[in-house]
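Listing of structure_2.tsv, TSV, C-alpha atoms and all ligand atoms
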chain	number	residue	atom	x	y	z
A	1	MET	CA	-113.33	51.17	17.95
A	2	LYS	CA	-115.73	53.62	16.42
A	3	GLN	CA	-113.16	56.33	16.85
A	4	LEU	CA	-110.56	54.12	15.21
A	5	ARG	CA	-112.73	53.49	12.18
A	6	PHE	CA	-113.25	57.20	11.82
A	7	LEU	CA	-109.49	57.73	11.96
A	8	LEU	CA	-108.92	55.00	9.40
A	9	PHE	CA	-111.30	56.83	7.13
A	10	LEU	CA	-109.25	59.99	7.56
A	11	LEU	CA	-105.92	58.25	7.25
A	12	PRO	CA	-105.15	58.94	3.58
A	13	LEU	CA	-105.26	62.63	4.46
A	14	PHE	CA	-102.42	62.20	6.92
A	15	LEU	CA	-100.13	59.78	5.20
A	16	LEU	CA	-97.79	62.08	3.35
A	17	PRO	CA	-94.91	63.43	5.36
A	18	GLY	CA	-94.86	67.19	5.43
A	19	CYS	CA	-91.71	69.28	5.67
A	20	ALA	CA	-91.77	72.96	6.40
A	21	ALA	CA	-88.82	75.17	5.51
A	22	PRO	CA	-88.30	77.69	8.32
A	23	ALA	CA	-89.11	81.36	7.79
A	24	ASP	CA	-85.85	82.21	9.51
A	25	PRO	CA	-82.94	80.45	7.71
A	26	ALA	CA	-81.14	80.10	11.05
A	27	GLU	CA	-83.86	77.68	12.19
A	28	GLU	CA	-84.00	73.98	11.30
A	29	THR	CA	-86.37	72.42	8.76
A	30	LEU	CA	-89.11	70.40	10.43
A	31	CYS	CA	-90.57	67.21	8.92
A	32	ARG	CA	-93.65	65.62	10.41
A	33	GLN	CA	-95.63	62.52	9.59
A	34	GLU	CA	-98.85	61.38	11.20
A	35	LEU	CA	-99.86	57.76	10.76
A	36	LEU	CA	-102.01	55.05	12.22
A	37	ALA	CA	-100.17	51.98	13.44
A	38	MET	CA	-100.66	49.57	16.38
A	39	ASP	CA	-104.25	50.85	16.82
A	40	THR	CA	-102.84	54.27	17.64
A	41	VAL	CA	-102.39	57.64	15.99
A	42	MET	CA	-98.65	58.29	15.87
A	43	THR	CA	-96.73	61.44	15.03
A	44	LEU	CA	-93.07	61.56	14.07
A	45	THR	CA	-91.36	64.96	14.07
A	46	VAL	CA	-87.76	65.25	12.93
A	47	TYR	CA	-85.64	68.39	12.55
A	48	GLY	CA	-82.73	68.89	10.18
A	49	PRO	CA	-81.78	68.19	6.59
A	50	SER	CA	-82.28	64.39	6.73
A	51	GLY	CA	-85.75	64.77	8.28
A	52	GLN	CA	-87.83	63.78	5.27
A	53	GLU	CA	-86.02	60.51	4.68
A	54	ALA	CA	-85.91	59.79	8.43
A	55	VAL	CA	-89.67	60.20	8.96
A	56	HIS	CA	-90.35	58.11	5.88
A	57	GLN	CA	-88.13	55.28	7.14
A	58	GLY	CA	-89.63	55.70	10.62
A	59	GLY	CA	-93.11	55.11	9.21
A	60	GLU	CA	-91.90	51.97	7.43
A	61	LEU	CA	-90.24	50.72	10.60
A	62	LEU	CA	-93.47	51.13	12.59
A	63	ARG	CA	-95.40	49.15	9.99
A	64	GLU	CA	-92.78	46.38	10.05
A	65	LEU	CA	-92.93	46.19	13.84
A	66	GLU	CA	-96.71	46.07	13.75
A	67	SER	CA	-96.71	43.25	11.23
A	68	LEU	CA	-94.33	41.25	13.41
A	69	LEU	CA	-95.80	41.93	16.83
A	70	SER	CA	-99.57	42.29	16.45
A	71	VAL	CA	-101.53	39.66	18.43
A	72	THR	CA	-104.56	39.87	16.16
A	73	ASP	CA	-103.01	40.06	12.68
A	74	GLU	CA	-103.04	36.48	11.34
A	75	GLY	CA	-99.83	37.07	9.39
A	76	SER	CA	-97.80	38.30	12.38
A	77	GLU	CA	-94.97	36.43	14.03
A	78	ILE	CA	-96.71	36.65	17.41
A	79	TYR	CA	-99.86	35.14	15.89
A	80	ARG	CA	-97.77	32.26	14.51
A	81	VAL	CA	-96.12	31.78	17.90
A	82	ASN	CA	-99.50	31.80	19.64
A	83	HIS	CA	-100.72	29.07	17.30
A	84	SER	CA	-97.63	26.87	17.50
A	85	GLY	CA	-99.48	24.15	19.44
A	86	GLY	CA	-96.59	23.56	21.84
A	87	ASP	CA	-93.93	23.19	19.10
A	88	ALA	CA	-90.69	25.15	19.16
A	89	VAL	CA	-90.60	28.08	16.72
A	90	SER	CA	-87.72	30.14	15.45
A	91	LEU	CA	-87.98	33.88	16.14
A	92	SER	CA	-86.77	36.81	14.10
A	93	GLU	CA	-83.95	38.78	15.72
A	94	GLU	CA	-86.29	41.72	16.38
A	95	THR	CA	-88.86	39.64	18.24
A	96	ARG	CA	-86.17	37.69	20.09
A	97	LEU	CA	-84.56	40.87	21.39
A	98	LEU	CA	-87.87	42.40	22.47
A	99	LEU	CA	-89.14	39.20	24.07
A	100	SER	CA	-85.95	38.62	26.04
A	101	GLU	CA	-86.09	42.19	27.41
A	102	ALA	CA	-89.76	41.79	28.19
A	103	LEU	CA	-89.22	38.48	30.02
A	104	ALA	CA	-86.45	40.08	32.09
A	105	LEU	CA	-88.88	42.87	33.05
A	106	CYS	CA	-91.56	40.32	33.97
A	107	GLY	CA	-89.05	38.72	36.36
A	108	ASP	CA	-87.82	42.04	37.73
A	109	THR	CA	-91.36	43.23	38.47
A	110	GLY	CA	-92.25	39.97	40.21
A	111	GLY	CA	-94.81	39.17	37.53
A	112	ALA	CA	-96.78	42.44	37.77
A	113	LEU	CA	-95.86	42.64	34.09
A	114	ASP	CA	-96.64	39.31	32.46
A	115	VAL	CA	-96.37	38.86	28.70
A	116	THR	CA	-98.47	35.68	28.84
A	117	ILE	CA	-101.57	37.55	30.06
A	118	TYR	CA	-103.17	37.39	26.60
A	119	PRO	CA	-105.82	34.65	27.20
A	120	VAL	CA	-107.18	36.74	30.08
A	121	VAL	CA	-107.03	40.06	28.18
A	122	ARG	CA	-108.97	38.38	25.35
A	123	ALA	CA	-111.58	36.95	27.71
A	124	TRP	CA	-112.42	40.49	28.87
A	125	GLY	CA	-112.79	41.52	25.20
A	126	PHE	CA	-109.99	44.07	25.20
A	127	THR	CA	-108.43	42.79	21.97
A	128	THR	CA	-111.65	42.93	19.93
A	129	GLY	CA	-113.85	45.47	21.69
A	130	ASP	CA	-116.48	42.76	22.42
A	131	TYR	CA	-116.33	43.52	26.12
A	132	ARG	CA	-117.66	41.12	28.76
A	133	VAL	CA	-117.08	40.24	32.41
A	134	PRO	CA	-115.82	36.62	32.60
A	135	GLU	CA	-117.03	34.29	35.36
A	136	GLU	CA	-114.68	33.47	38.22
A	137	ALA	CA	-114.34	29.83	37.05
A	138	GLU	CA	-113.43	30.93	33.53
A	139	LEU	CA	-110.76	33.29	34.89
A	140	SER	CA	-109.20	30.69	37.15
A	141	GLY	CA	-109.05	28.24	34.22
A	142	LEU	CA	-107.38	30.84	32.02
A	143	LEU	CA	-104.91	31.82	34.74
A	144	GLU	CA	-103.43	28.31	34.52
A	145	LYS	CA	-102.19	29.34	31.08
A	146	VAL	CA	-100.67	32.56	32.41
A	147	GLY	CA	-97.14	32.78	33.78
A	148	TYR	CA	-94.06	34.12	32.02
A	149	ALA	CA	-91.96	31.35	33.60
A	150	GLN	CA	-93.71	28.90	31.23
A	151	VAL	CA	-91.98	30.59	28.27
A	152	THR	CA	-88.75	28.92	27.13
A	153	LEU	CA	-86.51	31.12	25.04
A	154	ASP	CA	-83.30	29.39	24.05
A	155	GLY	CA	-81.38	31.62	21.63
A	156	SER	CA	-83.96	32.28	18.94
A	157	ARG	CA	-85.94	29.08	19.70
A	158	LEU	CA	-89.15	29.79	21.53
A	159	THR	CA	-91.39	27.15	23.06
A	160	LEU	CA	-94.77	27.89	24.61
A	161	PRO	CA	-96.77	25.11	26.26
A	162	GLU	CA	-100.07	24.44	24.49
A	163	GLY	CA	-102.58	27.19	25.38
A	164	VAL	CA	-99.96	29.71	26.55
A	165	GLU	CA	-100.02	32.86	24.41
A	166	LEU	CA	-97.97	36.03	24.25
A	167	ASP	CA	-99.16	39.65	24.25
A	168	LEU	CA	-96.34	42.17	23.93
A	169	GLY	CA	-98.81	45.08	23.90
A	170	ALA	CA	-97.47	46.46	27.18
A	171	VAL	CA	-93.96	46.97	25.75
A	172	THR	CA	-94.31	47.23	21.97
A	173	LYS	CA	-94.74	50.99	21.69
A	174	GLY	CA	-91.84	51.64	24.04
A	175	TRP	CA	-89.69	49.30	21.97
A	176	ALA	CA	-90.84	51.05	18.79
A	177	GLY	CA	-89.77	54.39	20.32
A	178	ASP	CA	-86.28	53.02	21.01
A	179	ARG	CA	-85.99	51.65	17.48
A	180	LEU	CA	-87.07	55.00	16.02
A	181	MET	CA	-84.44	56.83	18.10
A	182	GLU	CA	-81.80	54.37	16.84
A	183	LEU	CA	-82.90	54.89	13.26
A	184	PHE	CA	-82.90	58.68	13.57
A	185	ARG	CA	-79.51	58.74	15.28
A	186	GLY	CA	-78.10	56.55	12.51
A	187	SER	CA	-79.40	59.06	9.93
A	188	GLY	CA	-77.49	61.88	11.59
A	189	VAL	CA	-80.58	63.40	13.22
A	190	THR	CA	-79.91	65.18	16.52
A	191	SER	CA	-83.37	66.56	17.33
A	192	ALA	CA	-86.63	64.60	17.03
A	193	ILE	CA	-89.73	63.73	19.01
A	194	VAL	CA	-92.26	60.96	18.48
A	195	GLU	CA	-95.71	60.48	19.95
A	196	LEU	CA	-96.93	56.91	19.85
A	197	GLY	CA	-100.33	57.09	21.50
A	198	GLY	CA	-99.69	57.82	25.20
A	199	ASN	CA	-95.92	57.42	24.71
A	200	VAL	CA	-93.58	60.27	23.91
A	201	GLN	CA	-89.90	59.81	23.18
A	202	ALA	CA	-87.37	62.50	22.37
A	203	LEU	CA	-83.98	62.47	20.72
A	204	GLY	CA	-81.80	65.26	22.04
A	205	ALA	CA	-83.29	68.65	22.82
A	206	LYS	CA	-85.29	71.04	20.63
A	207	PRO	CA	-83.21	72.51	17.80
A	208	ASP	CA	-82.65	75.69	19.84
A	209	GLY	CA	-81.20	73.60	22.68
A	210	SER	CA	-84.17	74.03	25.03
A	211	PRO	CA	-85.92	70.95	26.52
A	212	TRP	CA	-89.06	69.46	24.98
A	213	ARG	CA	-92.26	70.18	26.87
A	214	VAL	CA	-94.37	67.06	27.17
A	215	ALA	CA	-97.91	67.16	28.54
A	216	VAL	CA	-99.12	64.58	31.03
A	217	GLN	CA	-102.77	63.80	30.41
A	218	ALA	CA	-105.38	64.28	33.12
A	219	PRO	CA	-107.64	61.24	33.54
A	220	GLU	CA	-110.74	63.37	32.93
A	221	GLY	CA	-109.27	64.86	29.71
A	222	GLY	CA	-107.03	67.88	29.21
A	223	TYR	CA	-103.65	68.10	30.90
A	224	ALA	CA	-102.59	67.59	34.49
A	225	GLY	CA	-98.99	68.68	34.11
A	226	VAL	CA	-96.03	69.44	31.90
A	227	LEU	CA	-92.62	67.78	31.90
A	228	GLU	CA	-89.45	69.24	30.47
A	229	ILE	CA	-87.20	66.54	29.06
A	230	VAL	CA	-84.12	65.94	26.88
A	231	ASP	CA	-83.32	62.51	25.42
A	232	LYS	CA	-85.98	60.61	27.40
A	233	ALA	CA	-89.00	58.39	26.97
A	234	VAL	CA	-92.18	59.48	28.77
A	235	ILE	CA	-94.62	56.60	28.94
A	236	THR	CA	-98.06	56.58	30.49
A	237	SER	CA	-100.30	53.69	31.49
A	238	GLY	CA	-103.74	54.87	32.49
A	239	GLY	CA	-107.02	53.17	33.24
A	240	TYR	CA	-108.75	55.85	31.18
A	241	GLN	CA	-106.90	54.82	27.99
A	242	ARG	CA	-109.09	51.76	27.39
A	243	TYR	CA	-112.00	50.57	29.51
A	244	PHE	CA	-115.65	49.59	29.45
A	245	GLU	CA	-118.53	49.98	31.86
A	246	GLN	CA	-121.09	47.41	32.86
A	247	ASP	CA	-123.74	47.63	35.59
A	248	GLY	CA	-122.14	50.74	37.03
A	249	GLU	CA	-118.67	49.17	37.26
A	250	THR	CA	-115.66	50.31	35.24
A	251	TYR	CA	-113.29	47.66	33.89
A	252	ILE	CA	-109.90	48.81	32.63
A	253	HIS	CA	-107.47	47.14	30.22
A	254	ILE	CA	-104.56	46.72	32.63
A	255	ILE	CA	-104.91	43.31	34.24
A	256	ASP	CA	-103.46	42.15	37.54
A	257	PRO	CA	-101.92	38.77	36.65
A	258	ALA	CA	-102.46	37.68	40.27
A	259	ASP	CA	-106.24	37.36	39.83
A	260	GLY	CA	-106.91	38.04	36.14
A	261	ARG	CA	-109.03	41.10	36.96
A	262	PRO	CA	-108.52	44.74	35.99
A	263	ALA	CA	-105.91	46.26	38.30
A	264	ARG	CA	-107.49	48.29	41.12
A	265	SER	CA	-104.56	49.87	42.82
A	266	GLY	CA	-106.08	53.30	43.46
A	267	LEU	CA	-104.08	54.84	40.61
A	268	ALA	CA	-105.55	56.69	37.66
A	269	SER	CA	-102.25	56.69	35.76
A	270	VAL	CA	-98.54	56.05	36.01
A	271	THR	CA	-96.12	58.00	33.83
A	272	VAL	CA	-92.57	56.66	33.73
A	273	VAL	CA	-89.65	58.79	32.55
A	274	ALA	CA	-86.77	56.58	31.44
A	275	ASP	CA	-83.80	56.54	29.11
A	276	ARG	CA	-85.25	53.64	27.16
A	277	GLY	CA	-88.80	53.35	25.92
A	278	VAL	CA	-89.08	49.61	26.36
A	279	ARG	CA	-88.17	49.87	30.05
A	280	GLY	CA	-90.49	52.83	30.57
A	281	ASP	CA	-93.34	50.99	28.86
A	282	GLY	CA	-92.93	47.73	30.76
A	283	LEU	CA	-92.58	49.61	34.03
A	284	SER	CA	-95.56	51.90	33.52
A	285	THR	CA	-97.81	48.88	33.15
A	286	ALA	CA	-96.17	47.01	36.03
A	287	LEU	CA	-96.19	49.96	38.47
A	288	PHE	CA	-99.86	50.54	37.68
A	289	VAL	CA	-100.55	46.96	38.74
A	290	MET	CA	-98.36	47.27	41.86
A	291	GLY	CA	-99.98	50.43	43.23
A	292	ARG	CA	-98.24	53.29	44.98
A	293	GLU	CA	-96.57	51.59	47.92
A	294	LYS	CA	-94.94	48.79	45.92
A	295	ALA	CA	-94.09	51.18	43.07
A	296	GLU	CA	-92.19	53.43	45.49
A	297	ALA	CA	-90.29	50.49	46.96
A	298	PHE	CA	-89.44	49.25	43.47
A	299	TRP	CA	-88.13	52.69	42.49
A	300	ARG	CA	-86.01	53.04	45.64
A	301	GLU	CA	-84.24	49.79	44.85
A	302	ARG	CA	-83.44	50.73	41.24
A	303	GLN	CA	-83.56	54.49	40.68
A	304	ASP	CA	-82.70	54.36	36.99
A	305	PHE	CA	-86.08	55.96	36.14
A	306	ASP	CA	-88.59	58.41	37.57
A	307	PHE	CA	-92.37	58.41	37.68
A	308	ILE	CA	-95.49	60.50	38.15
A	309	LEU	CA	-98.50	58.95	39.87
A	310	LEU	CA	-101.97	60.39	39.50
A	311	GLY	CA	-104.23	58.87	42.14
A	312	GLU	CA	-107.92	58.12	41.60
A	313	ASP	CA	-108.49	60.52	44.50
A	314	GLY	CA	-106.89	63.40	42.53
A	315	THR	CA	-103.51	63.30	44.29
A	316	VAL	CA	-100.25	63.80	42.40
A	317	ALA	CA	-96.87	62.40	43.44
A	318	VAL	CA	-93.55	62.49	41.59
A	319	THR	CA	-90.17	60.97	42.35
A	320	GLU	CA	-87.50	63.47	43.30
A	321	GLY	CA	-85.66	63.31	39.95
A	322	LEU	CA	-88.62	65.18	38.43
A	323	GLU	CA	-88.88	67.87	41.09
A	324	ASP	CA	-87.36	70.55	38.87
A	325	CYS	CA	-88.78	69.50	35.52
A	326	PHE	CA	-92.45	68.74	36.28
A	327	SER	CA	-95.13	71.31	36.96
A	328	LEU	CA	-98.88	71.07	37.34
A	329	TYR	CA	-100.91	72.62	34.57
A	330	GLY	CA	-104.24	74.35	33.98
A	331	GLY	CA	-106.98	73.21	36.36
A	332	TRP	CA	-104.44	71.07	38.23
A	333	GLU	CA	-102.28	74.04	39.23
A	334	GLY	CA	-102.47	74.71	42.94
A	335	ARG	CA	-102.98	71.06	43.95
A	336	PRO	CA	-100.44	69.71	46.42
A	337	LEU	CA	-97.55	68.03	44.57
A	338	GLU	CA	-95.98	65.34	46.67
A	339	ILE	CA	-92.29	64.54	46.13
A	340	ILE	CA	-91.30	60.92	46.68
A	341	ARG	CA	-87.77	60.85	48.07
A	342	LYS	CA	-85.16	58.17	48.35
A	401	LIG	P1	-99.89	49.63	28.54
A	401	LIG	O1	-100.85	50.48	27.80
A	401	LIG	O2	-98.47	49.76	28.08
A	401	LIG	O3	-100.01	49.77	30.02
A	401	LIG	O4	-100.22	48.12	28.20
A	401	LIG	C1	-101.49	47.60	28.42
A	401	LIG	C2	-101.76	46.48	27.46
A	401	LIG	O5	-100.89	45.37	27.78
A	401	LIG	C3	-103.16	45.96	27.60
A	401	LIG	O6	-104.02	46.54	26.64
A	401	LIG	C4	-103.00	44.45	27.41
A	401	LIG	O7	-102.95	44.14	26.03
A	401	LIG	C5	-101.65	44.18	28.00
A	401	LIG	N1	-101.65	43.95	29.45
A	401	LIG	C6	-102.63	44.23	30.36
A	401	LIG	N2	-102.22	43.92	31.60
A	401	LIG	C7	-100.94	43.45	31.48
A	401	LIG	C8	-99.98	42.96	32.40
A	401	LIG	N3	-100.21	42.92	33.71
A	401	LIG	N4	-98.78	42.55	31.90
A	401	LIG	C9	-98.52	42.59	30.57
A	401	LIG	N5	-99.39	43.04	29.66
A	401	LIG	C10	-100.59	43.47	30.09
A	402	MG	MG	-96.66	49.67	29.09
Rendering of file as structure tokens:
Amino acid sequence: MKQLRFLLFLLPLFLLPGCAAPADPAEETLCRQELLAMDTVMTLTVYGPSGQEAVHQGGELLRELESLLSVTDEGSEIYRVNHSGGDAVSLSEETRLLLSEALALCGDTGGALDVTIYPVVRAWGFTTGDYRVPEEAELSGLLEKVGYAQVTLDGSRLTLPEGVELDLGAVTKGWAGDRLMELFRGSGVTSAIVELGGNVQALGAKPDGSPWRVAVQAPEGGYAGVLEIVDKAVITSGGYQRYFEQDGETYIHIIDPADGRPARSGLASVTVVADRGVRGDGLSTALFVMGREKAEAFWRERQDFDFILLGEDGTVAVTEGLEDCFSLYGGWEGRPLEIIRK
């Protein structure tokens, strides 16, 4: 939080989009905007003549999504839903679309992703930064209010039983990436890349036709590897992204809905490479909860995405679709890189 306040202080310095005309007229103009939204520093980079307008509209879109989907903002739609006291509420089209995709992912992942985990996430203090370790009895009481099957979405009418609350935090940034790509494409942009915290999403290739190079963070800081991608979302869930320590124990922000405790699957991070951000985001969280064995089985059954697993023991494994586009980097070079095959 301290870091966030510092960034907020700096924010006015970053708000204006900057466009740089290329030195070589054969190259494309680049427009970049850095902003703070969804508790995260975000960077939008768009190439081409419509870049300035596109990054401006992209910034507005992110703010709109934040004001709809934030769990803590008292004016948000999710806040209203979470305080509906068991009554049916009517959702905006944006929230309806995201929630129905998210619920489908909860089902597909067997509840490893669960958008009703919010009461438990709050009890651990992850929404406010007032961290604490809840008692077993408190957790088991809260878990009665957790379970995506308790959500009834009928068209745009949503009903949550009293006490059940939504947290779309595990999919919101991925969804935002998809919406940005849609917006850019609609503005005639063919080359753009966005960084939304740990998420990266690219439209097309770099202006010169070469792939984007996206770094995969090492849990201890710095980079573990580099991915070369075109038109993909690269989404990471890592225990190191948000955690607290108490009495020598580390408690991370990704919760296993089975017991309401921070997931301890032996993984330091999961990076999913997918065509759509929302799928990559939901899956990165879910595969982290599942752990390596179940994540591999899940991938073998679907195969419409790839992933990189960094183990807590320093191991690295990637699915075979990434064999030719992922390489270890810096201090991680030379480690064995395991390829997970079908
Ligand atoms: P991500 O960074 O995408 O992995 O999402 C993690 C965030 O989603 C957390 O900060 C919580 O707000 C929420 N969350 C934690 N565990 C889960 C879970 N098992 N299913 C859904 N959301 C979760
Ligand atoms: Mg996620």
Task: Computed interatomic separation between atom CA of A:Ala263 and atom CA of A:Gly291 (Å) - done: 8.8 Å
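Minimum distance to A:Leu183 across A:Glu228, A:Glu53, A:Glu135, A:Asp154 (counting only C-alpha atoms) occurs at A:Glu53.
The shortest atom-to-atom distance to A:Arg122, with all atoms listed in the file taken into account, belongs to A:Thr72 out of A:Ser140, A:Thr72, A:Gln52, A:Gln150.
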Open item on the list: Could you list, as a ChimeraX atom specification, every residue within 9 Å of stretch 106-118 of chain A, counting only C-alpha atoms and ignoring same-chain residues fewer than 4 positions away?
Closed with: /A:71,99,101-102,122-123,127,143,145-151,164-171,255-258,260,282-283,285-290,298
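Of the residues under consideration (A:Val272, A:Ser50, A:Leu98, A:Thr43), A:Leu98 shows the shortest atom-to-atom contact distance to A:Leu69 when counting all atoms listed in the file.
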- [ ] Using all atoms listed in the file, find the one residue out of A:Glu34, A:Asp259, A:Glu74, A:Asp247 that sits nearest to ligand LIG 401 (chain A).
- [x] A:Asp259
TODO: Using all atoms listed in the file, pick whichever of A:Leu158, A:Val121, A:Val273, A:Val189 has the shortest atom-to-atom distance to ligand LIG 401 (chain A).
DONE: A:Val121
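Of the listed residues (A:Leu180, A:Ser284, A:Leu227, A:Asp304), A:Leu227 comes nearest to A:Leu322; the distances count all atoms listed in the file.
Of note, atom CA of A:Ser237 and atom CA of A:Ala317 are spaced 15.2 Å apart.
The interatomic distance for the pair atom CA of A:Gly177 and atom CA of A:Phe244 works out to 27.9 Å.
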In the coordinate frame of the file, compute which residues have an atom within 7 Å of (-108.2, 53.9, 34.5) when using only C-alpha atoms, and state them as an mmCIF file with C-alpha atoms, in the frame of the given file.
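Result file is part-v2.cif:
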data_model
loop_
_atom_site.group_PDB
_atom_site.id
_atom_site.type_symbol
_atom_site.label_atom_id
_atom_site.label_comp_id
_atom_site.auth_asym_id
_atom_site.auth_seq_id
_atom_site.Cartn_x
_atom_site.Cartn_y
_atom_site.Cartn_z
ATOM 1 C CA GLY A 238 -103.740 54.870 32.490
ATOM 2 C CA GLY A 239 -107.020 53.170 33.240
ATOM 3 C CA TYR A 240 -108.750 55.850 31.180
ATOM 4 C CA GLN A 241 -106.900 54.820 27.990
ATOM 5 C CA ILE A 252 -109.900 48.810 32.630
ATOM 6 C CA ALA A 268 -105.550 56.690 37.660
ATOM 7 C CA SER A 269 -102.250 56.690 35.760
#
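Residues with any atom within 10 Å of A:Ser210, counting only C-alpha atoms and excluding same-chain neighbours fewer than 5 positions away, are Gly204, Ala205, Glu228, Ile229 and Val230 of chain A.
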Open item on the list: Give me the residues near stretch 38-41 of chain A as number ranges by chain, where near means some atom within 7 Å (using all atoms listed in the file) and where sequence neighbours in that chain fewer than 6 positions away do not count.
Closed with: A: 66, 196-197
Task: Near-A:Thr190 list (12 Å; all atoms listed in the file; drop same-chain fewer than 4 positions) as a ChimeraX atom specification - done: /A:28,45-51,54,181-186,202-209,230-231
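Shell of A:Thr159 at 8 Å, with only C-alpha atoms counted and residues fewer than 3 places along the chain excluded, is Gly86, Asp87, Ala88, Val89, Val151, Thr152 and Leu153 of chain A.
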